file entry.cif (mmCIF, C-alpha atoms)
data_model
#
loop_
_atom_site.label_atom_id
_atom_site.label_comp_id
_atom_site.auth_asym_id
_atom_site.auth_seq_id
_atom_site.Cartn_x
_atom_site.Cartn_y
_atom_site.Cartn_z
CA MET A 5 -35.36 -23.37 -45.10
CA GLU A 6 -35.53 -19.76 -44.01
CA SER A 7 -33.25 -17.53 -46.08
CA ASN A 8 -31.18 -14.83 -44.46
CA GLU A 9 -28.02 -12.76 -44.94
CA SER A 10 -25.76 -15.80 -44.80
CA ALA A 11 -27.77 -17.71 -47.45
CA ASP A 12 -25.01 -17.19 -50.02
CA LYS A 13 -22.36 -18.64 -47.76
CA THR A 14 -21.41 -22.27 -48.03
CA VAL A 15 -19.85 -24.70 -45.62
CA LEU A 16 -17.44 -27.38 -46.77
CA PHE A 17 -18.54 -30.86 -45.71
CA GLU A 18 -15.83 -33.52 -45.68
CA VAL A 19 -17.56 -36.87 -45.24
CA LEU A 20 -16.07 -40.34 -44.89
CA ARG A 21 -17.38 -42.66 -47.58
CA TYR A 22 -17.08 -46.43 -47.54
CA ASN A 23 -19.02 -48.89 -49.63
CA PRO A 24 -18.02 -52.45 -48.63
CA ASP A 25 -19.01 -53.79 -52.07
CA LYS A 26 -16.81 -51.37 -54.01
CA ASP A 27 -14.20 -49.70 -51.80
CA LYS A 28 -11.06 -51.30 -50.43
CA SER A 29 -10.64 -48.55 -47.86
CA PRO A 30 -12.64 -45.48 -46.78
CA VAL A 31 -12.14 -42.18 -48.62
CA MET A 32 -13.02 -38.61 -47.66
CA GLN A 33 -15.40 -36.86 -50.05
CA GLN A 34 -16.07 -33.11 -50.11
CA TYR A 35 -19.38 -31.32 -50.65
CA LYS A 36 -20.38 -27.67 -50.50
CA VAL A 37 -23.55 -27.04 -48.56
CA PRO A 38 -25.41 -23.69 -48.33
CA LEU A 39 -25.07 -22.33 -44.81
CA GLN A 40 -28.43 -21.22 -43.48
CA LYS A 41 -29.69 -20.08 -40.12
CA GLY A 42 -30.10 -22.89 -37.62
CA ILE A 43 -28.77 -25.60 -39.94
CA THR A 44 -27.55 -28.68 -38.06
CA VAL A 45 -24.96 -31.19 -39.26
CA LEU A 46 -27.82 -33.61 -39.91
CA ASP A 47 -29.61 -30.98 -42.03
CA GLY A 48 -26.39 -30.61 -44.03
CA LEU A 49 -26.20 -34.37 -44.66
CA VAL A 50 -29.85 -34.42 -45.71
CA TRP A 51 -29.16 -31.54 -48.13
CA ILE A 52 -26.24 -33.47 -49.64
CA LYS A 53 -28.40 -36.59 -50.05
CA GLU A 54 -31.27 -34.64 -51.65
CA ASN A 55 -29.16 -32.44 -53.93
CA LEU A 56 -25.71 -33.89 -54.53
CA ASP A 57 -25.29 -37.56 -53.72
CA ALA A 58 -28.23 -39.88 -53.04
CA SER A 59 -25.88 -42.75 -52.14
CA LEU A 60 -24.67 -41.14 -48.89
CA SER A 61 -25.75 -43.34 -45.96
CA TRP A 62 -26.25 -42.69 -42.27
CA ARG A 63 -28.71 -43.49 -39.50
CA SER A 64 -31.09 -40.91 -38.07
CA SER A 65 -34.66 -40.73 -36.92
CA CYS A 66 -36.05 -38.18 -34.46
CA ARG A 67 -33.99 -35.05 -35.39
CA MET A 68 -34.22 -33.84 -31.79
CA GLY A 69 -31.61 -35.64 -29.70
CA VAL A 70 -33.98 -38.26 -28.35
CA CYS A 71 -33.54 -41.44 -30.39
CA GLY A 72 -29.73 -41.66 -30.33
CA SER A 73 -29.41 -42.85 -33.95
CA CYS A 74 -27.26 -40.11 -35.48
CA GLY A 75 -24.10 -40.40 -33.39
CA MET A 76 -21.13 -39.40 -35.56
CA PHE A 77 -17.53 -38.21 -35.17
CA ILE A 78 -17.87 -34.54 -36.06
CA ASN A 79 -14.85 -32.20 -36.08
CA GLY A 80 -12.88 -34.33 -33.65
CA LEU A 81 -15.57 -35.20 -31.14
CA PRO A 82 -18.34 -37.79 -31.01
CA ARG A 83 -21.64 -35.86 -31.22
CA LEU A 84 -25.23 -36.24 -32.31
CA ALA A 85 -25.57 -34.78 -35.82
CA CYS A 86 -29.09 -33.56 -35.08
CA ASN A 87 -28.50 -31.35 -32.06
CA ASN A 88 -25.30 -29.62 -33.17
CA GLN A 89 -25.59 -26.54 -35.33
CA ILE A 90 -22.87 -25.98 -37.94
CA VAL A 91 -22.24 -22.38 -36.84
CA HIS A 92 -21.57 -23.58 -33.29
CA ILE A 93 -18.94 -26.11 -34.48
CA ASN A 94 -17.17 -24.50 -37.45
CA PRO A 95 -19.03 -22.47 -40.11
CA GLU A 96 -16.15 -23.02 -42.58
CA LYS A 97 -15.62 -26.77 -42.53
CA ILE A 98 -17.37 -29.78 -41.06
CA THR A 99 -15.64 -33.15 -41.02
CA VAL A 100 -17.97 -36.10 -40.49
CA LYS A 101 -16.78 -39.65 -39.85
CA PRO A 102 -18.57 -42.68 -38.43
CA LEU A 103 -18.24 -43.24 -34.68
CA PRO A 104 -14.78 -44.62 -33.90
CA ASN A 105 -14.43 -47.94 -32.01
CA PHE A 106 -17.41 -49.36 -33.93
CA ASP A 107 -17.04 -51.24 -37.20
CA ILE A 108 -18.25 -49.34 -40.29
CA ILE A 109 -21.14 -51.00 -42.12
CA ARG A 110 -21.27 -48.28 -44.76
CA ASP A 111 -20.39 -44.56 -44.92
CA LEU A 112 -21.50 -43.12 -41.56
CA VAL A 113 -23.35 -46.22 -40.33
CA PRO A 114 -21.65 -47.89 -37.34
CA ASP A 115 -22.26 -51.51 -36.35
CA LEU A 116 -23.84 -51.35 -32.88
CA GLU A 117 -24.40 -55.11 -32.46
CA GLY A 118 -21.58 -55.59 -29.91
CA PHE A 119 -22.66 -52.43 -28.10
CA PHE A 120 -26.17 -53.80 -27.50
CA GLN A 121 -24.74 -57.18 -26.45
CA LYS A 122 -22.73 -55.39 -23.75
CA HIS A 123 -25.85 -53.50 -22.73
CA ARG A 124 -27.77 -56.77 -22.35
CA SER A 125 -24.88 -58.37 -20.40
CA VAL A 126 -25.55 -56.21 -17.30
CA LYS A 127 -29.22 -57.29 -17.12
CA PRO A 128 -30.69 -53.83 -17.63
CA TYR A 129 -34.11 -54.47 -16.14
CA LEU A 130 -35.68 -54.68 -12.70
CA ILE A 131 -34.92 -57.98 -10.96
CA ARG A 132 -37.10 -59.08 -8.05
CA LYS A 133 -36.88 -62.14 -5.85
CA GLU A 134 -40.62 -62.77 -5.74
CA ILE A 135 -41.38 -63.91 -9.27
CA ASP A 136 -45.12 -64.27 -8.54
CA GLU A 137 -45.54 -60.54 -8.08
CA LEU A 138 -43.91 -59.89 -11.46
CA ASP A 139 -45.96 -62.52 -13.28
CA HIS A 140 -49.23 -61.68 -11.53
CA PRO A 141 -48.88 -58.10 -10.24
CA THR A 142 -51.14 -57.06 -7.41
CA GLY A 143 -50.07 -53.41 -7.42
CA GLU A 144 -47.27 -50.94 -8.05
CA PHE A 145 -43.91 -51.05 -6.30
CA PHE A 146 -43.50 -48.01 -4.08
CA GLN A 147 -40.91 -45.37 -4.99
CA SER A 148 -40.50 -41.92 -3.46
CA PRO A 149 -39.41 -38.86 -5.49
CA GLU A 150 -36.10 -38.89 -3.55
CA GLU A 151 -35.48 -42.51 -4.55
CA LEU A 152 -36.21 -41.60 -8.15
CA VAL A 153 -33.41 -38.98 -8.15
CA ASN A 154 -30.90 -41.73 -7.22
CA TYR A 155 -31.11 -43.20 -10.72
CA ILE A 156 -33.08 -40.88 -13.04
CA GLN A 157 -29.89 -39.32 -14.42
CA PHE A 158 -28.68 -42.71 -15.70
CA ALA A 159 -32.12 -43.56 -17.10
CA TYR A 160 -31.73 -40.72 -19.60
CA CYS A 161 -29.31 -42.87 -21.66
CA ILE A 162 -30.40 -42.98 -25.32
CA LYS A 163 -27.87 -45.67 -26.32
CA CYS A 164 -26.23 -43.52 -28.99
CA GLY A 165 -22.75 -45.00 -28.41
CA LEU A 166 -20.92 -41.66 -28.14
CA CYS A 167 -19.40 -42.64 -24.77
CA LEU A 168 -17.81 -45.80 -26.19
CA SER A 169 -16.37 -43.78 -29.06
CA ALA A 170 -14.75 -41.37 -26.63
CA CYS A 171 -13.45 -43.99 -24.17
CA PRO A 172 -9.67 -44.61 -24.39
CA THR A 173 -10.03 -48.05 -22.78
CA VAL A 174 -12.59 -49.17 -25.36
CA ALA A 175 -10.11 -48.06 -28.05
CA THR A 176 -7.73 -50.87 -27.11
CA ASP A 177 -9.80 -53.38 -25.17
CA GLU A 178 -12.66 -54.90 -27.12
CA ARG A 179 -13.87 -56.93 -24.12
CA TYR A 180 -14.34 -53.92 -21.83
CA THR A 181 -18.03 -53.68 -20.90
CA GLY A 182 -17.88 -49.94 -21.50
CA PRO A 183 -19.38 -46.82 -19.93
CA GLN A 184 -22.88 -47.18 -21.38
CA ALA A 185 -23.58 -50.68 -20.07
CA LEU A 186 -21.94 -50.02 -16.70
CA ALA A 187 -23.97 -46.84 -16.22
CA GLN A 188 -27.08 -48.92 -16.87
CA ALA A 189 -25.95 -51.45 -14.26
CA LEU A 190 -25.85 -48.61 -11.73
CA ARG A 191 -29.18 -47.27 -12.98
CA TYR A 192 -30.88 -50.55 -12.01
CA ASN A 193 -28.77 -51.22 -8.89
CA SER A 194 -29.78 -47.76 -7.60
CA ASP A 195 -33.46 -48.30 -8.27
CA SER A 196 -35.24 -48.78 -4.95
CA ARG A 197 -37.49 -51.44 -6.54
CA ASP A 198 -34.58 -53.59 -7.71
CA GLU A 199 -33.00 -56.62 -6.01
CA GLY A 200 -30.60 -57.68 -8.77
CA ALA A 201 -27.27 -56.11 -7.72
CA LYS A 202 -25.81 -59.53 -6.89
CA GLU A 203 -26.89 -61.00 -10.23
CA ARG A 204 -25.19 -58.13 -12.09
CA GLU A 205 -21.89 -58.56 -10.23
CA ALA A 206 -20.55 -61.21 -12.62
CA ALA A 207 -20.68 -58.75 -15.53
CA VAL A 208 -19.94 -55.53 -13.65
CA TYR A 209 -16.95 -56.68 -11.56
CA SER A 210 -15.35 -59.10 -14.01
CA GLY A 211 -11.86 -58.47 -15.42
CA SER A 212 -13.52 -56.53 -18.23
CA GLY A 213 -15.79 -54.56 -15.93
CA VAL A 214 -15.50 -51.42 -13.81
CA TRP A 215 -11.83 -51.91 -12.90
CA ARG A 216 -10.80 -51.26 -16.51
CA CYS A 217 -11.99 -47.65 -16.09
CA HIS A 218 -9.36 -45.12 -15.01
CA PHE A 219 -11.61 -42.08 -14.96
CA ALA A 220 -10.53 -40.34 -18.16
CA GLY A 221 -13.99 -38.76 -18.07
CA ALA A 222 -14.33 -38.46 -21.86
CA CYS A 223 -17.58 -40.48 -21.77
CA SER A 224 -19.27 -37.98 -19.46
CA GLN A 225 -17.90 -35.08 -21.46
CA VAL A 226 -19.48 -36.21 -24.73
CA CYS A 227 -22.76 -37.64 -23.41
CA PRO A 228 -25.53 -35.63 -25.11
CA LYS A 229 -28.00 -36.32 -22.27
CA GLY A 230 -25.83 -35.54 -19.21
CA VAL A 231 -25.91 -39.18 -18.08
CA ASP A 232 -22.39 -39.09 -16.55
CA PRO A 233 -21.23 -42.70 -17.02
CA ALA A 234 -17.85 -41.87 -15.44
CA MET A 235 -19.55 -41.11 -12.14
CA ALA A 236 -21.71 -44.23 -12.44
CA ILE A 237 -18.62 -46.43 -12.79
CA GLN A 238 -16.89 -44.83 -9.78
CA LEU A 239 -20.08 -45.30 -7.72
CA LEU A 240 -20.17 -48.98 -8.73
CA LYS A 241 -16.59 -49.33 -7.48
CA LYS A 242 -17.47 -47.59 -4.23
CA ASP A 243 -20.53 -49.81 -3.82
CA ILE A 244 -18.61 -53.10 -4.06
CA VAL A 245 -15.88 -51.84 -1.71
CA LEU A 246 -18.47 -50.92 0.93
CA LYS A 247 -20.28 -54.24 0.45
CA LYS A 248 -17.07 -56.29 0.78
CA LEU A 249 -16.21 -54.38 3.96
CA ARG A 250 -19.75 -55.14 5.18
CA LEU A 251 -20.47 -51.43 5.49
CA ARG A 252 -23.35 -51.65 3.03
CA LYS A 253 -26.00 -54.33 2.59
CA TYR A 254 -27.62 -55.65 -0.53
CA GLN A 255 -30.87 -53.83 -1.18
CA HIS A 256 -34.31 -55.28 -0.52
CA GLY A 257 -36.68 -53.89 -3.11
CA THR A 258 -39.52 -51.70 -1.91
CA GLY A 259 -42.89 -53.34 -1.39
CA VAL A 260 -46.12 -53.10 -3.30
CA LEU A 261 -48.33 -50.07 -2.63
CA PRO A 262 -51.55 -50.84 -0.72
CA LYS A 263 -54.53 -51.61 -2.92
CA THR A 264 -56.78 -48.75 -3.92
CA GLU A 265 -59.71 -50.19 -1.88
CA GLU A 266 -57.65 -49.84 1.27
CA TRP A 267 -57.18 -46.11 0.75
CA LYS A 268 -59.40 -43.61 2.43
CA GLU A 269 -61.02 -41.33 -0.07
CA ASN A 270 -60.17 -37.67 0.31
CA PRO A 271 -63.44 -35.71 -0.02
CA LYS A 272 -61.50 -32.60 -1.12
CA ILE A 273 -60.27 -34.32 -4.29
CA PRO A 274 -62.95 -34.40 -7.02
CA LYS A 275 -63.80 -37.81 -8.45
CA ALA A 276 -62.57 -38.77 -11.89
CA PRO A 277 -65.24 -38.60 -14.61
CA ALA A 278 -66.77 -41.89 -15.73
CA PRO A 279 -64.90 -43.65 -18.54
CA THR A 280 -66.22 -42.79 -21.99
CA VAL A 281 -65.13 -46.00 -23.73
CA MET B 3 -16.11 -57.70 -33.70
CA SER B 4 -18.93 -57.35 -36.14
CA LYS B 5 -21.00 -60.31 -37.33
CA ASN B 6 -21.17 -58.49 -40.63
CA SER B 7 -18.15 -59.84 -42.52
CA LYS B 8 -18.04 -56.84 -44.83
CA ALA B 9 -17.98 -54.28 -42.02
CA ARG B 10 -14.70 -52.43 -41.76
CA ARG B 11 -12.76 -52.32 -38.50
CA ASN B 12 -12.65 -48.84 -37.01
CA LYS B 13 -10.97 -49.36 -33.62
CA LEU B 14 -8.81 -46.41 -32.65
CA GLY B 15 -6.32 -48.73 -30.95
CA LEU B 16 -3.17 -47.16 -29.52
CA ILE B 17 -3.99 -43.80 -31.12
CA GLY B 18 -7.22 -43.70 -29.15
CA TRP B 19 -5.37 -44.79 -26.01
CA LEU B 20 -2.60 -42.22 -26.31
CA GLY B 21 -4.29 -39.31 -28.04
CA GLY B 22 -6.13 -36.97 -25.73
CA GLY B 23 -7.81 -35.26 -28.68
CA ARG B 24 -10.29 -32.55 -27.82
CA TYR B 25 -11.31 -34.11 -24.53
CA GLY B 26 -10.66 -32.73 -21.05
CA PHE B 27 -7.51 -32.55 -18.91
CA GLU B 28 -8.47 -35.79 -17.21
CA ARG B 29 -8.17 -37.66 -20.48
CA TYR B 30 -4.55 -36.47 -20.75
CA ALA B 31 -4.01 -37.39 -17.09
CA TYR B 32 -5.31 -40.90 -17.97
CA THR B 33 -2.67 -41.31 -20.68
CA LEU B 34 0.11 -39.83 -18.57
CA HIS B 35 -0.88 -41.99 -15.59
CA ARG B 36 -0.51 -45.15 -17.66
CA ILE B 37 2.75 -44.09 -19.30
CA THR B 38 4.31 -43.07 -15.95
CA GLY B 39 3.03 -46.33 -14.44
CA LEU B 40 4.78 -48.36 -17.12
CA ALA B 41 7.91 -46.20 -16.78
CA LEU B 42 8.01 -46.78 -13.01
CA LEU B 43 7.58 -50.51 -13.56
CA VAL B 44 10.54 -50.57 -15.96
CA TYR B 45 12.54 -48.53 -13.46
CA PHE B 46 11.79 -50.95 -10.61
CA VAL B 47 13.07 -53.89 -12.64
CA MET B 48 16.26 -51.98 -13.52
CA HIS B 49 16.58 -50.81 -9.91
CA ILE B 50 16.48 -54.36 -8.57
CA PHE B 51 18.99 -55.45 -11.20
CA VAL B 52 21.41 -52.60 -10.31
CA THR B 53 21.12 -52.92 -6.52
CA GLY B 54 21.59 -56.67 -6.98
CA ALA B 55 25.29 -55.80 -7.45
CA ARG B 56 25.53 -55.61 -3.65
CA ILE B 57 25.55 -59.42 -3.58
CA GLY B 58 28.97 -59.27 -5.21
CA GLY B 59 30.43 -57.44 -2.16
CA SER B 60 31.12 -53.79 -1.32
CA GLU B 61 33.67 -53.35 -4.10
CA ALA B 62 31.30 -54.52 -6.80
CA TRP B 63 28.71 -52.19 -5.31
CA GLN B 64 31.07 -49.21 -5.44
CA THR B 65 32.05 -49.95 -9.04
CA THR B 66 28.42 -50.24 -10.11
CA MET B 67 27.44 -47.01 -8.36
CA GLU B 68 30.30 -45.13 -9.99
CA ARG B 69 29.22 -46.39 -13.39
CA TYR B 70 25.79 -44.81 -12.93
CA GLU B 71 26.97 -41.49 -11.56
CA THR B 72 26.85 -39.73 -14.92
CA PRO B 73 24.70 -36.74 -15.95
CA PHE B 74 22.70 -39.04 -18.24
CA PHE B 75 21.65 -41.39 -15.45
CA LYS B 76 21.10 -38.45 -13.10
CA LEU B 77 18.65 -36.97 -15.58
CA GLY B 78 17.03 -40.40 -15.94
CA GLU B 79 16.67 -40.63 -12.18
CA PHE B 80 15.13 -37.16 -12.09
CA LEU B 81 12.61 -38.15 -14.80
CA VAL B 82 11.71 -41.19 -12.72
CA PHE B 83 11.15 -38.85 -9.79
CA LEU B 84 8.86 -36.62 -11.90
CA ALA B 85 6.94 -39.70 -13.03
CA PHE B 86 6.62 -40.81 -9.41
CA ALA B 87 5.34 -37.39 -8.26
CA PHE B 88 2.67 -37.27 -10.97
CA HIS B 89 1.66 -40.93 -10.66
CA ALA B 90 1.40 -40.83 -6.87
CA LEU B 91 -0.63 -37.63 -6.64
CA ASN B 92 -2.89 -38.48 -9.56
CA GLY B 93 -3.31 -41.92 -8.00
CA VAL B 94 -4.58 -40.26 -4.82
CA ARG B 95 -7.18 -38.41 -6.91
CA LEU B 96 -8.24 -41.61 -8.67
CA GLY B 97 -8.46 -43.49 -5.37
CA LEU B 98 -10.63 -40.76 -3.88
CA ALA B 99 -12.83 -40.65 -7.00
CA GLU B 100 -13.30 -44.41 -6.85
CA LEU B 101 -14.63 -43.95 -3.33
CA GLY B 102 -17.05 -41.33 -4.64
CA VAL B 103 -15.18 -38.32 -3.19
CA ALA B 104 -15.62 -34.96 -4.99
CA LEU B 105 -17.92 -36.41 -7.66
CA GLY B 106 -21.19 -35.02 -6.34
CA LYS B 107 -24.43 -36.97 -6.23
CA PRO B 108 -26.65 -38.27 -9.02
CA GLN B 109 -29.14 -35.56 -9.96
CA ARG B 110 -31.65 -34.67 -12.65
CA PRO B 111 -29.63 -33.66 -15.71
CA VAL B 112 -30.35 -30.04 -16.59
CA TYR B 113 -28.73 -28.45 -19.66
CA PRO B 114 -25.95 -27.21 -19.75
CA TYR B 115 -24.88 -30.41 -18.09
CA ARG B 116 -22.43 -30.24 -15.24
CA VAL B 117 -21.09 -33.72 -14.66
CA SER B 118 -18.73 -35.38 -12.15
CA ILE B 119 -15.69 -34.62 -14.28
CA HIS B 120 -16.40 -30.89 -13.86
CA ARG B 121 -17.17 -31.22 -10.17
CA GLN B 122 -13.91 -33.05 -9.39
CA ARG B 123 -11.75 -30.56 -11.33
CA PRO B 124 -10.79 -28.51 -8.22
CA LEU B 125 -9.43 -31.76 -6.72
CA PHE B 126 -7.55 -32.45 -9.96
CA ILE B 127 -6.04 -28.96 -9.94
CA ALA B 128 -5.14 -29.24 -6.24
CA VAL B 129 -3.30 -32.56 -6.63
CA MET B 130 -1.50 -31.28 -9.71
CA ILE B 131 -0.31 -28.20 -7.77
CA VAL B 132 1.01 -30.47 -4.98
CA ALA B 133 2.67 -32.69 -7.62
CA ALA B 134 4.28 -29.62 -9.22
CA LEU B 135 5.58 -28.42 -5.82
CA ILE B 136 7.09 -31.85 -5.14
CA MET B 137 8.66 -31.81 -8.60
CA ILE B 138 10.18 -28.36 -8.02
CA LEU B 139 11.51 -29.32 -4.59
CA GLY B 140 12.86 -32.56 -6.05
CA GLY B 141 14.50 -30.66 -8.90
CA ALA B 142 16.16 -28.29 -6.42
CA ASP B 143 17.40 -31.25 -4.41
CA PHE B 144 18.70 -33.06 -7.52
CA TYR B 145 20.44 -30.18 -9.22
CA LEU B 146 20.93 -27.25 -6.83
CA LEU B 147 21.61 -28.74 -3.41
CA GLY B 148 23.68 -31.51 -4.97
CA HIS B 149 24.37 -35.05 -3.85
#
call {"tool": "encode", "arguments": {"input": "entry.cif", "output": "structure tokens"}}
result
Amino acid sequence: MESNESADKTVLFEVLRYNPDKDKSPVMQQYKVPLQKGITVLDGLVWIKENLDASLSWRSSCRMGVCGSCGMFINGLPRLACNNQIVHINPEKITVKPLPNFDIIRDLVPDLEGFFQKHRSVKPYLIRKEIDELDHPTGEFFQSPEELVNYIQFAYCIKCGLCLSACPTVATDERYTGPQALAQALRYNSDSRDEGAKEREAAVYSGSGVWRCHFAGACSQVCPKGVDPAMAIQLLKKDIVLKKLRLRKYQHGTGVLPKTEEWKENPKIPKAPAPTV
Amino acid sequence: MSKNSKARRNKLGLIGWLGGGRYGFERYAYTLHRITGLALLVYFVMHIFVTGARIGGSEAWQTTMERYETPFFKLGEFLVFLAFAFHALNGVRLGLAELGVALGKPQRPVYPYRVSIHRQRPLFIAVMIVAALIMILGGADFYLLGH
């Protein structure tokens, strides 16, 4: 790492440790980590593992806020360890705990099994009535750039689980579908190619669905990708109200684009080079 | 609940429900909305029980009313009024938000992210100002103008 003026400074890391084979309950362990320019919380944990304590466990992968593996409870807020620099949080002391509302497998590793089950429960994939077209596609389903904007925000979800950690309803109600899964329900319901809104209703509007949300907004506040699950849930509520009042109809997915042979070639556009393989 | 039998439970439970932590104002409004809701529910039950004294005739009614005309119950009544003012006005905000009002539209997320909770904050502030005005007027009516 690049050395600089602050190379002699250290930051105190207080990390929750829990080994299910040895510990009866979690304990907080302290480490001193050299504070260097640009160091993230994840860098600090890596430094501890390499230099002080090889038994420290956590999940991480991409180091750039894309994979969603390193969600942790850092200095009182759920955050990604990889895209939060220590100097931006607290250069004196960093407290790292596993994400709350998820069981602890070991140290900073949360159990995301139930989280993914909830995600699957809202059928997070395109549903079409004509099965033949899906099994034997004849072309691409049409979608305009404007239609893309209707859902692209919710498609940025990296399934890190921070929103469920922040949600006060999840804290007490284990059955609540939760902001992540509900935002994904809206992501697919809002997709112009989708026809599955009715199939998702059982999960989305059940007693454990959208009506358990009371717009605390913490999920949207902590989302590292700007997905805004709180808005997604309110839009799902609005959608069902309009549909029940017959002010909005269920969507018919957009059709397949015409085949390439049916297009007229534009002489101004140069032809693609011949394939090399 | 985890399939892993050795995994340790880490649900925040009531602390997560009640504690606003380092989240936004709306998270505190969430907690307060639920607490005032429960308080109003308890009040309604007590209210029905107390006004039920009217069945016993006008004398029983008078006796019951006199019993509750103490500074303690007056303060209690005023607290119920404060709870009502907050719950009603915040409820209007929640109702509007559930119909998509003041949330903005889905858009491409561009850092620094500005999400619905930020966009609806003027509405939140506006309803809280109205709630505060109602509370002040109610307080004046309770304690200054007299009953």
call {"tool": "interface_residues", "arguments": {"input": "entry.cif", "of": "chain A", "to": "chain B", "cutoff": "6 Å", "atoms": "all atoms listed in the file", "output": "list in words"}}
result
Pro24, Pro104, Asn105, Phe106, Asp107, Ile108, Ile109, Val153, Asn154, Gln157, Pro172, Ala175, Thr176, Ala220, Gly221, Ala222, Gly230, Asp232, Met235, Gln238, Leu239, Lys241 and Lys242 of chain A
call {"tool": "atom_distance", "arguments": {"input": "entry.cif", "atom1": "CA of Ile98 (chain A)", "atom2": "CA of Leu20 (chain A)"}}
result
11.3 Å
call {"tool": "residues_around", "arguments": {"input": "entry.cif", "residues": "Leu139 (chain B)", "least_positions_apart": "6", "cutoff": "12 Å", "atoms": "all atoms listed in the file", "output": "list in words"}}
result
Phe80, Phe83, Leu84, Ala87, Val132, Ala133, Tyr145, Leu146 and Leu147 of chain B
call {"tool": "atom_distance", "arguments": {"input": "entry.cif", "atom1": "CA of Tyr155 (chain A)", "atom2": "CA of Tyr192 (chain A)"}}
result
7.5 Å
call {"tool": "resolve_selection", "arguments": {"input": "entry.cif", "expression": "the PyMOL selection byres ((chain A and resi 257) around 9)", "output": "ChimeraX atom specification"}}
result
/A:132-133,145,195-199,255-256,258-259
call {"tool": "atom_distance", "arguments": {"input": "entry.cif", "atom1": "CA of Leu190 (chain A)", "atom2": "CA of Ile237 (chain A)"}}
result
7.6 Å
call {"tool": "residues_around", "arguments": {"input": "entry.cif", "residues": "Val91 (chain A)", "least_positions_apart": "5", "cutoff": "9 Å", "atoms": "all atoms listed in the file", "output": "PDB file with C-alpha atoms, in the coordinates of the input"}}
result
ATOM      1  CA  LEU A  39     -25.070 -22.330 -44.810  1.00  0.00           C
ATOM      2  CA  LYS A  41     -29.690 -20.080 -40.120  1.00  0.00           C
ATOM      3  CA  GLY A  42     -30.100 -22.890 -37.620  1.00  0.00           C
ATOM      4  CA  ILE A  43     -28.770 -25.600 -39.940  1.00  0.00           C
ATOM      5  CA  THR A  44     -27.550 -28.680 -38.060  1.00  0.00           C
ATOM      6  CA  GLU A  96     -16.150 -23.020 -42.580  1.00  0.00           C
TER       7      GLU A  96
END
call {"tool": "residues_around", "arguments": {"input": "entry.cif", "residues": "Arg63 (chain A)", "least_positions_apart": "4", "cutoff": "9 Å", "atoms": "only C-alpha atoms", "output": "JSON, numbers by chain"}}
result
{"A": [73, 74, 75, 112, 113, 114]}
call {"tool": "residues_around", "arguments": {"input": "entry.cif", "residues": "Val100 (chain A)", "least_positions_apart": "2", "cutoff": "6 Å", "atoms": "all atoms listed in the file", "output": "compact mmCIF listing (two decimals) with C-alpha atoms, in the frame of the given file"}}
result
# COMPACT_ATOMS: atom_id res chain seq x y z
CA VAL A 19 -17.56 -36.87 -45.24
CA PHE A 77 -17.53 -38.21 -35.17
CA ILE A 78 -17.87 -34.54 -36.06
call {"tool": "axis_aligned_box", "arguments": {"input": "entry.cif", "around": "region 61-69 of chain B", "padding_each_side": "5 Å", "output": "JSON"}}
result
{"center_x": 30.6, "center_y": -49.8, "center_z": -8.7, "size_x": 16.2, "size_y": 19.4, "size_z": 19.3}
call {"tool": "residues_near_point", "arguments": {"input": "entry.cif", "point": "(-15.3, -55.2, -22.0)", "cutoff": "9 Å", "atoms": "all atoms listed in the file", "output": "list in words"}}
result
Lys122, Thr173, Val174, Asp177, Glu178, Arg179, Tyr180, Thr181, Gly182, Ser210, Gly211, Ser212, Gly213 and Arg216 of chain A
call {"tool": "resolve_selection", "arguments": {"input": "entry.cif", "expression": "the PyMOL selection byres ((chain A and resi 87) around 9)", "output": "number ranges by chain"}}
result
A: 44-46, 67-69, 83-86, 88-89, 228
